[in-house]
>>> print(open('entry.txt').read())   # compact mmCIF, N, CA and C atoms
# COMPACT_ATOMS: atom_id res chain seq x y z
N MET A 16 -14.37 -2.84 -2.28
CA MET A 16 -14.29 -2.86 -0.84
C MET A 16 -15.57 -3.45 -0.27
N GLY A 17 -15.47 -3.97 0.92
CA GLY A 17 -16.62 -4.55 1.57
C GLY A 17 -16.73 -6.06 1.40
N ARG A 18 -15.99 -6.62 0.46
CA ARG A 18 -16.00 -8.07 0.27
C ARG A 18 -14.97 -8.70 1.20
N VAL A 19 -15.21 -9.93 1.57
CA VAL A 19 -14.25 -10.66 2.39
C VAL A 19 -12.94 -10.79 1.62
N GLY A 20 -11.85 -10.43 2.25
CA GLY A 20 -10.55 -10.56 1.63
C GLY A 20 -10.16 -9.42 0.72
N ALA A 21 -10.97 -8.36 0.64
CA ALA A 21 -10.63 -7.21 -0.20
C ALA A 21 -9.42 -6.49 0.39
N ALA A 22 -8.43 -6.22 -0.43
CA ALA A 22 -7.17 -5.66 0.04
C ALA A 22 -7.33 -4.26 0.64
N GLY A 23 -8.23 -3.46 0.10
CA GLY A 23 -8.38 -2.09 0.57
C GLY A 23 -9.01 -1.97 1.94
N ASP A 24 -9.71 -2.99 2.38
CA ASP A 24 -10.41 -2.91 3.66
C ASP A 24 -9.46 -2.74 4.84
N ASN A 25 -8.38 -3.46 4.84
CA ASN A 25 -7.50 -3.48 6.00
C ASN A 25 -6.27 -2.59 5.86
N ALA A 26 -6.08 -1.95 4.74
CA ALA A 26 -4.85 -1.21 4.49
C ALA A 26 -4.62 -0.10 5.52
N ALA A 27 -5.64 0.67 5.83
CA ALA A 27 -5.48 1.78 6.78
C ALA A 27 -5.13 1.27 8.17
N MET A 28 -5.82 0.23 8.63
CA MET A 28 -5.55 -0.30 9.96
C MET A 28 -4.19 -0.99 10.03
N GLU A 29 -3.81 -1.67 8.96
CA GLU A 29 -2.51 -2.31 8.95
C GLU A 29 -1.39 -1.27 9.02
N THR A 30 -1.57 -0.16 8.34
CA THR A 30 -0.60 0.93 8.40
C THR A 30 -0.52 1.50 9.81
N PHE A 31 -1.69 1.73 10.41
CA PHE A 31 -1.73 2.26 11.78
C PHE A 31 -1.03 1.33 12.75
N PHE A 32 -1.37 0.04 12.70
CA PHE A 32 -0.77 -0.91 13.64
C PHE A 32 0.72 -1.12 13.39
N ALA A 33 1.16 -0.99 12.15
CA ALA A 33 2.59 -1.07 11.87
C ALA A 33 3.33 0.11 12.52
N LEU A 34 2.76 1.30 12.41
CA LEU A 34 3.35 2.47 13.05
C LEU A 34 3.34 2.33 14.57
N LEU A 35 2.24 1.84 15.11
CA LEU A 35 2.12 1.64 16.55
C LEU A 35 3.17 0.65 17.04
N GLN A 36 3.33 -0.43 16.34
CA GLN A 36 4.30 -1.43 16.74
C GLN A 36 5.72 -0.88 16.69
N LYS A 37 6.04 -0.17 15.61
CA LYS A 37 7.38 0.37 15.44
C LYS A 37 7.70 1.44 16.48
N ASN A 38 6.72 2.30 16.77
CA ASN A 38 6.97 3.46 17.62
C ASN A 38 6.68 3.24 19.11
N VAL A 39 5.91 2.21 19.45
CA VAL A 39 5.59 1.99 20.86
C VAL A 39 5.97 0.59 21.32
N LEU A 40 5.40 -0.41 20.68
CA LEU A 40 5.54 -1.78 21.17
C LEU A 40 6.97 -2.28 21.14
N ASP A 41 7.70 -1.97 20.08
CA ASP A 41 9.05 -2.49 19.93
C ASP A 41 10.13 -1.64 20.61
N ARG A 42 9.74 -0.55 21.24
CA ARG A 42 10.73 0.36 21.85
C ARG A 42 11.33 -0.18 23.13
N LYS A 43 10.54 -0.92 23.91
CA LYS A 43 11.03 -1.44 25.17
C LYS A 43 10.17 -2.60 25.63
N ARG A 44 10.56 -3.23 26.70
CA ARG A 44 9.77 -4.32 27.27
C ARG A 44 8.81 -3.73 28.29
N TRP A 45 7.54 -4.02 28.15
CA TRP A 45 6.50 -3.47 29.01
C TRP A 45 6.25 -4.45 30.16
N HIS A 46 6.25 -3.94 31.39
CA HIS A 46 6.11 -4.78 32.57
C HIS A 46 4.64 -5.05 32.92
N THR A 47 3.77 -4.10 32.65
CA THR A 47 2.34 -4.30 32.95
C THR A 47 1.51 -3.85 31.76
N ARG A 48 0.30 -4.37 31.69
CA ARG A 48 -0.63 -3.94 30.64
C ARG A 48 -0.99 -2.47 30.80
N GLU A 49 -1.11 -2.01 32.04
CA GLU A 49 -1.46 -0.61 32.29
C GLU A 49 -0.37 0.32 31.77
N GLU A 50 0.87 -0.03 31.97
CA GLU A 50 2.00 0.76 31.46
C GLU A 50 1.95 0.83 29.93
N LEU A 51 1.68 -0.29 29.30
CA LEU A 51 1.57 -0.33 27.84
C LEU A 51 0.37 0.47 27.35
N ARG A 52 -0.77 0.34 28.05
CA ARG A 52 -1.97 1.08 27.66
C ARG A 52 -1.72 2.58 27.70
N ILE A 53 -1.07 3.05 28.75
CA ILE A 53 -0.76 4.48 28.87
C ILE A 53 0.19 4.92 27.76
N ALA A 54 1.17 4.09 27.44
CA ALA A 54 2.11 4.43 26.36
C ALA A 54 1.40 4.52 25.01
N ILE A 55 0.46 3.60 24.76
CA ILE A 55 -0.28 3.62 23.49
C ILE A 55 -1.15 4.85 23.39
N VAL A 56 -1.91 5.14 24.45
CA VAL A 56 -2.79 6.31 24.44
C VAL A 56 -1.97 7.59 24.28
N THR A 57 -0.86 7.67 24.98
CA THR A 57 0.01 8.84 24.87
C THR A 57 0.54 9.00 23.46
N TRP A 58 0.98 7.92 22.84
CA TRP A 58 1.50 7.99 21.47
C TRP A 58 0.41 8.44 20.51
N ILE A 59 -0.79 7.90 20.66
CA ILE A 59 -1.88 8.28 19.75
C ILE A 59 -2.20 9.76 19.91
N GLU A 60 -2.36 10.22 21.15
CA GLU A 60 -2.77 11.60 21.39
C GLU A 60 -1.66 12.61 21.11
N ARG A 61 -0.43 12.29 21.46
CA ARG A 61 0.66 13.27 21.31
C ARG A 61 1.33 13.24 19.95
N THR A 62 1.38 12.09 19.33
CA THR A 62 2.13 11.98 18.08
C THR A 62 1.23 11.74 16.89
N TYR A 63 0.48 10.66 16.91
CA TYR A 63 -0.29 10.25 15.73
C TYR A 63 -1.34 11.29 15.34
N HIS A 64 -2.14 11.75 16.30
CA HIS A 64 -3.19 12.72 15.98
C HIS A 64 -2.64 14.09 15.60
N ARG A 65 -1.48 14.41 16.06
CA ARG A 65 -0.92 15.72 15.75
C ARG A 65 -0.24 15.76 14.38
N ARG A 66 0.06 14.59 13.81
CA ARG A 66 0.77 14.55 12.53
C ARG A 66 -0.08 14.07 11.36
N ARG A 67 -0.97 13.12 11.59
CA ARG A 67 -1.69 12.49 10.49
C ARG A 67 -2.79 13.39 9.97
N ARG A 68 -2.71 13.72 8.72
CA ARG A 68 -3.73 14.53 8.07
C ARG A 68 -4.86 13.62 7.62
N GLN A 69 -6.09 14.05 7.84
CA GLN A 69 -7.23 13.20 7.54
C GLN A 69 -8.06 13.80 6.41
N THR A 70 -8.36 12.96 5.44
CA THR A 70 -9.10 13.38 4.26
C THR A 70 -10.48 13.93 4.64
N ARG A 71 -11.16 13.26 5.52
CA ARG A 71 -12.52 13.70 5.91
C ARG A 71 -12.53 15.05 6.61
N LEU A 72 -11.39 15.46 7.14
CA LEU A 72 -11.31 16.75 7.82
C LEU A 72 -10.72 17.83 6.92
N GLY A 73 -10.63 17.56 5.64
CA GLY A 73 -10.09 18.54 4.70
C GLY A 73 -8.58 18.59 4.70
N ARG A 74 -7.93 17.44 4.90
CA ARG A 74 -6.47 17.29 4.89
C ARG A 74 -5.79 18.09 6.00
N VAL A 75 -6.45 18.23 7.13
CA VAL A 75 -5.82 18.82 8.31
C VAL A 75 -5.79 17.75 9.41
N THR A 76 -4.97 17.97 10.41
CA THR A 76 -4.90 17.03 11.52
C THR A 76 -6.11 17.24 12.43
N PRO A 77 -6.46 16.25 13.25
CA PRO A 77 -7.57 16.44 14.18
C PRO A 77 -7.37 17.62 15.12
N ILE A 78 -6.14 17.86 15.54
CA ILE A 78 -5.85 18.99 16.43
C ILE A 78 -6.12 20.32 15.71
N GLU A 79 -5.65 20.43 14.46
CA GLU A 79 -5.90 21.64 13.67
C GLU A 79 -7.39 21.83 13.44
N PHE A 80 -8.10 20.74 13.15
CA PHE A 80 -9.54 20.81 12.91
C PHE A 80 -10.27 21.32 14.16
N GLU A 81 -9.91 20.82 15.33
CA GLU A 81 -10.54 21.27 16.57
C GLU A 81 -10.27 22.75 16.81
N THR A 82 -9.06 23.18 16.52
CA THR A 82 -8.71 24.59 16.70
C THR A 82 -9.55 25.48 15.79
N ILE A 83 -9.68 25.07 14.54
CA ILE A 83 -10.48 25.84 13.58
C ILE A 83 -11.94 25.85 14.00
N ALA A 84 -12.49 24.69 14.35
CA ALA A 84 -13.90 24.59 14.73
C ALA A 84 -14.19 25.40 15.99
N THR A 85 -13.27 25.37 16.95
CA THR A 85 -13.46 26.10 18.20
C THR A 85 -13.43 27.61 17.95
N SER A 86 -12.52 28.07 17.11
CA SER A 86 -12.43 29.50 16.83
C SER A 86 -13.64 29.98 16.04
N GLN A 87 -14.17 29.15 15.14
CA GLN A 87 -15.36 29.52 14.40
C GLN A 87 -16.59 29.56 15.29
N THR A 88 -16.68 28.64 16.24
CA THR A 88 -17.79 28.61 17.19
C THR A 88 -17.75 29.84 18.09
N ALA A 89 -16.56 30.21 18.56
CA ALA A 89 -16.40 31.37 19.41
C ALA A 89 -16.74 32.65 18.66
N THR A 90 -16.38 32.73 17.41
CA THR A 90 -16.67 33.90 16.58
C THR A 90 -18.18 34.03 16.35
N ALA A 91 -18.85 32.90 16.13
CA ALA A 91 -20.29 32.91 15.86
C ALA A 91 -21.10 33.27 17.09
N ALA A 92 -20.57 33.00 18.26
CA ALA A 92 -21.33 33.24 19.51
C ALA A 92 -21.24 34.65 19.93
>>> encode(input="entry.txt", output="C-alpha cells")
Amino acid sequence: MGRVGAAGDNAAMETFFALLQKNVLDRKRWHTREELRIAIVTWIERTYHRRRRQTRLGRVTPIEFETIATSQTATAA
C-alpha cells in the first residue's frame, strides 16, 4: 500500500462510493445540489454509520462506540 496504483489503497473508498451510488444517487433524479447534499448526509448519518462496523473502534459501529464512550465518561465523573 502507498504506491501509485496499489489496489488496496482505493478499495475502501470504492466500496463506500458504490454503496452511496446504489442507495442514494441512483434512487431518484435530484433537482438541486442542496437536495442531493442533504440526502447524502442523511444516508451517511442514519444508515451507513449505524450499520458499518469499524475495525479501529473494536468492530462496533460509530454510534455504539459513542454510546460506550459516553457511558464510561459519565461513570468516571
>>> residues_around(input="entry.txt", residues="Leu40 in chain A", least_positions_apart="6", cutoff="8 Å", atoms="all atoms listed in the file", output="list in words")
Leu34, Leu51, Ala54 and Ile55 of chain A
>>> residues_near_point(input="entry.txt", point="(-3.3, 10.8, 7.8)", cutoff="12 Å", atoms="only C-alpha atoms", output="count of residues only")
21
>>> atom_distance(input="entry.txt", atom1="CA of Arg61 in chain A", atom2="CA of Gln87 in chain A")
23.8 Å
>>> select_by_dssp(input="entry.txt", residues="chain A", states="helix (DSSP H, G or I)", output="ChimeraX atom specification")
/A:22-40,48-66,70-72,77-91
>>> atom_distance(input="entry.txt", atom1="atom C of Glu79 in chain A", atom2="atom N of Asn25 in chain A")
26.7 Å
>>> atom_distance(input="entry.txt", atom1="atom C of Glu81 in chain A", atom2="CA of Glu60 in chain A")
14.2 Å
